[in-house]
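Below is one structure, written out as structure tokens; the observations come after it.
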Amino acid sequence: VTARVEGEIAFSRDGLSHLLTDFVRAGYSTVRFDEVRTDDAHLVLRHDVDFDLRFAVRVGEVEAQLDLRSTFFIMVRSECYSILDGAAKEHLDRLAEQGHGIGLHLDASLYAPDELAEGAREELRILEWISGRPVEAISFHRPAPHLVGSDRGAMPVPHTYEPRFTKDVHYVSDSQGRFRFGTPFESPAFHERRAIQLLLHPIWWAGMVPEDAEQRLRALVADRSHAFASRVARNCAPYRDMIR
Ligand SMILES: [Zn+2]
């Protein structure tokens with residue numbers, strides 16, 4: 001079986017749909033982290049949610065339409081969104097309805113090394129409480145080099161940078177809005193139909209039309225500024241009067 005891999009990869013919802021369809025045509029099926037087998041045509045689809053849960057829901061929708069299952073890694077201590085706000089619970093419920101799993105996206109730099117496992121346990125509890133679902137794995141946010149390829153150690157659940165997920169299976173990621181280290185289709189693992197962990201950041205794929213990283217980020221910041229002004233106005237009469 002040869003996959004029909006067509007042209008350039010577009011960073012949009014359509015582009016994502018085409019990219020994943022090429023995996024399906026090549027015989028790949030999506031599996032959870034605890035199911036992946038090195039020599040099988042297994043695709044472990046991972047999404048680290050750095051900026052906005054709405055992007056996650058849009059990407060999750062594309063994958064649900066293709067009957068594919070991925071794991072969305074969500075931050076409990078994020079500078080960019082809060083899982084405690086009202087809309088977040090709806091977004092997490094949507095991801096569950098779409099059939100996707102949940103993981104913890106953990107910023108290890110917030111903890112001393114000997115407190116990391118305990119911090120992970122506490123964040124896991126909060127994420128499970130809010131989502132109402134078990135957390136399957138941990139991925140580190142902007143991981144320090146010593147964490148990449150490290151063993152599970154004292155972590156309460158598996159983490160995505162363990163050797164079995166990064167060395168035994170081919171690991172490929174979009175980075176800064178492009179495939180800086182080659183597309184998944186250029187890898188020997190793809191040609192030999194062996195397992196691949198594919199990390200895609202929802203922000204780059206959630207748009208209706210292809211946009212570059214700068215456009216996506218500018219749009220996000222503008223949208224958030226506007227939304228924040230509305231929130232301040234809702235909660236504070238003097239500001240409502242100011243902007244009238
Ligand atoms: Zn991250």
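As shown in the structure tokens, the chain order sets the letters A, B, ...; within each chain, residues go from 1, and ligands are also counted from 1 in the order they appear.
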As a PyMOL selection string, list the residues of range 81-136 of chain A assigned to helix (DSSP H, G or I) by DSSP on the backbone atoms of this structure.
-> chain A and resi 86-97+108-110+113-131
Put those residues in a file: C-alpha atoms, as an mmCIF file, in the first residue's frame.
```cif
data_model
loop_
_atom_site.group_PDB
_atom_site.id
_atom_site.type_symbol
_atom_site.label_atom_id
_atom_site.label_comp_id
_atom_site.auth_asym_id
_atom_site.auth_seq_id
_atom_site.Cartn_x
_atom_site.Cartn_y
_atom_site.Cartn_z
ATOM 1 C CA GLY A 86 -17.209 28.726 33.091
ATOM 2 C CA ALA A 87 -16.607 28.115 29.405
ATOM 3 C CA ALA A 88 -13.667 25.774 30.019
ATOM 4 C CA LYS A 89 -15.889 23.011 31.390
ATOM 5 C CA GLU A 90 -18.017 23.157 28.222
ATOM 6 C CA HIS A 91 -14.921 22.876 26.059
ATOM 7 C CA LEU A 92 -13.649 19.896 28.051
ATOM 8 C CA ASP A 93 -17.067 18.220 27.765
ATOM 9 C CA ARG A 94 -17.034 18.792 23.991
ATOM 10 C CA LEU A 95 -13.669 17.041 23.698
ATOM 11 C CA ALA A 96 -15.123 14.087 25.618
ATOM 12 C CA GLU A 97 -18.175 13.963 23.329
ATOM 13 C CA ALA A 108 7.812 21.507 35.210
ATOM 14 C CA SER A 109 9.691 24.788 35.663
ATOM 15 C CA LEU A 110 7.113 25.778 38.323
ATOM 16 C CA PRO A 113 12.977 18.885 40.925
ATOM 17 C CA ASP A 114 12.168 16.970 44.115
ATOM 18 C CA GLU A 115 8.641 18.433 44.200
ATOM 19 C CA LEU A 116 7.731 17.718 40.578
ATOM 20 C CA ALA A 117 5.992 14.364 41.102
ATOM 21 C CA GLU A 118 3.896 15.741 43.975
ATOM 22 C CA GLY A 119 3.010 18.826 41.906
ATOM 23 C CA ALA A 120 1.979 16.567 39.031
ATOM 24 C CA ARG A 121 -0.269 14.553 41.376
ATOM 25 C CA GLU A 122 -1.979 17.716 42.639
ATOM 26 C CA GLU A 123 -2.505 19.141 39.117
ATOM 27 C CA LEU A 124 -3.803 15.763 37.958
ATOM 28 C CA ARG A 125 -6.380 15.777 40.767
ATOM 29 C CA ILE A 126 -7.589 19.246 39.767
ATOM 30 C CA LEU A 127 -7.842 18.356 36.075
ATOM 31 C CA GLU A 128 -9.715 15.140 36.862
ATOM 32 C CA TRP A 129 -12.036 17.028 39.193
ATOM 33 C CA ILE A 130 -12.851 19.682 36.569
ATOM 34 C CA SER A 131 -13.087 17.338 33.578
#
```
### Message
To check your reading of the model: which residues sit at most 7 Å from ligand 1 when counting only C-alpha atoms and all ligand atoms? Write the answer as a ChimeraX atom specification.
### Response
/A:48-50,105,140-142
Writing out the chosen residues with N, CA and C atoms as a PDB file, in the first residue's frame:
```pdb
ATOM      1  N   ASP A  48      -0.868  19.462  22.467  1.00  0.00           N
ATOM      2  CA  ASP A  48      -0.569  20.275  23.645  1.00  0.00           C
ATOM      3  C   ASP A  48      -1.306  21.600  23.497  1.00  0.00           C
ATOM      4  N   VAL A  49      -2.173  21.894  24.453  1.00  0.00           N
ATOM      5  CA  VAL A  49      -3.007  23.096  24.366  1.00  0.00           C
ATOM      6  C   VAL A  49      -2.325  24.208  25.157  1.00  0.00           C
ATOM      7  N   ASP A  50      -1.648  25.099  24.440  1.00  0.00           N
ATOM      8  CA  ASP A  50      -0.867  26.159  25.082  1.00  0.00           C
ATOM      9  C   ASP A  50      -1.638  27.459  25.246  1.00  0.00           C
ATOM     10  N   HIS A 105      -0.956  18.886  30.634  1.00  0.00           N
ATOM     11  CA  HIS A 105       0.189  19.600  30.070  1.00  0.00           C
ATOM     12  C   HIS A 105       0.831  20.372  31.219  1.00  0.00           C
ATOM     13  N   PHE A 140       5.143  17.492  29.086  1.00  0.00           N
ATOM     14  CA  PHE A 140       5.780  18.670  29.675  1.00  0.00           C
ATOM     15  C   PHE A 140       5.722  19.838  28.711  1.00  0.00           C
ATOM     16  N   HIS A 141       5.369  21.006  29.261  1.00  0.00           N
ATOM     17  CA  HIS A 141       5.330  22.252  28.505  1.00  0.00           C
ATOM     18  C   HIS A 141       6.753  22.789  28.388  1.00  0.00           C
ATOM     19  N   ARG A 142       7.202  23.028  27.143  1.00  0.00           N
ATOM     20  CA  ARG A 142       8.560  23.521  26.904  1.00  0.00           C
ATOM     21  C   ARG A 142       9.568  22.786  27.806  1.00  0.00           C
TER      22      ARG A 142
END
```
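When DSSP reads the backbone of this structure, the residues of range 46-84 of chain A it assigns to strand (DSSP E or B) are A:Arg46, A:His47, A:Asp48, A:Thr71, A:Phe72, A:Phe73, A:Ile74.
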Give one line per residue of range 55-120 of chain A that approaches range 33-44 of chain A to at most 10 Å, naming the two atoms of the closest pair and their distance in Å to one decimal, counting only C-alpha atoms; sort by chain then ascending residue number and deliver it as CSV.
```
residue,atom,partner,partner_atom,distance
A:Leu68,CA,A:Leu43,CA,9.7
A:Arg69,CA,A:Val44,CA,8.6
A:Ser70,CA,A:Val44,CA,7.0
A:Thr71,CA,A:Val44,CA,8.2
```
From the list A:Val24, A:Ala219, A:Ala206, A:Ile138, the nearest residue to Ala56 in chain A using only C-alpha atoms is A:Ala206
task: Name the residues in contact with Val148 in chain A at a cut-off of 9 Å, using only C-alpha atoms, excluding same-chain residues fewer than 5 positions from it; report them as a list in words.
output: Phe140, Pro143, Thr160, Tyr161, Glu162, Pro163 and Thr166 of chain A
Find the residues near Val232 in chain A: any atom within 12 Å, counting only C-alpha atoms, skip ones fewer than 6 places away on the same chain, and give them as a VMD selection string.
chain A and resid 225 to 226 238 to 243
All residues 10 Å or closer to Ile9 in chain A, only C-alpha atoms, same chain fewer than 5 positions away omitted, as an MDAnalysis selection string
chainID A and resid 14:16 18:19 178:179 183 210
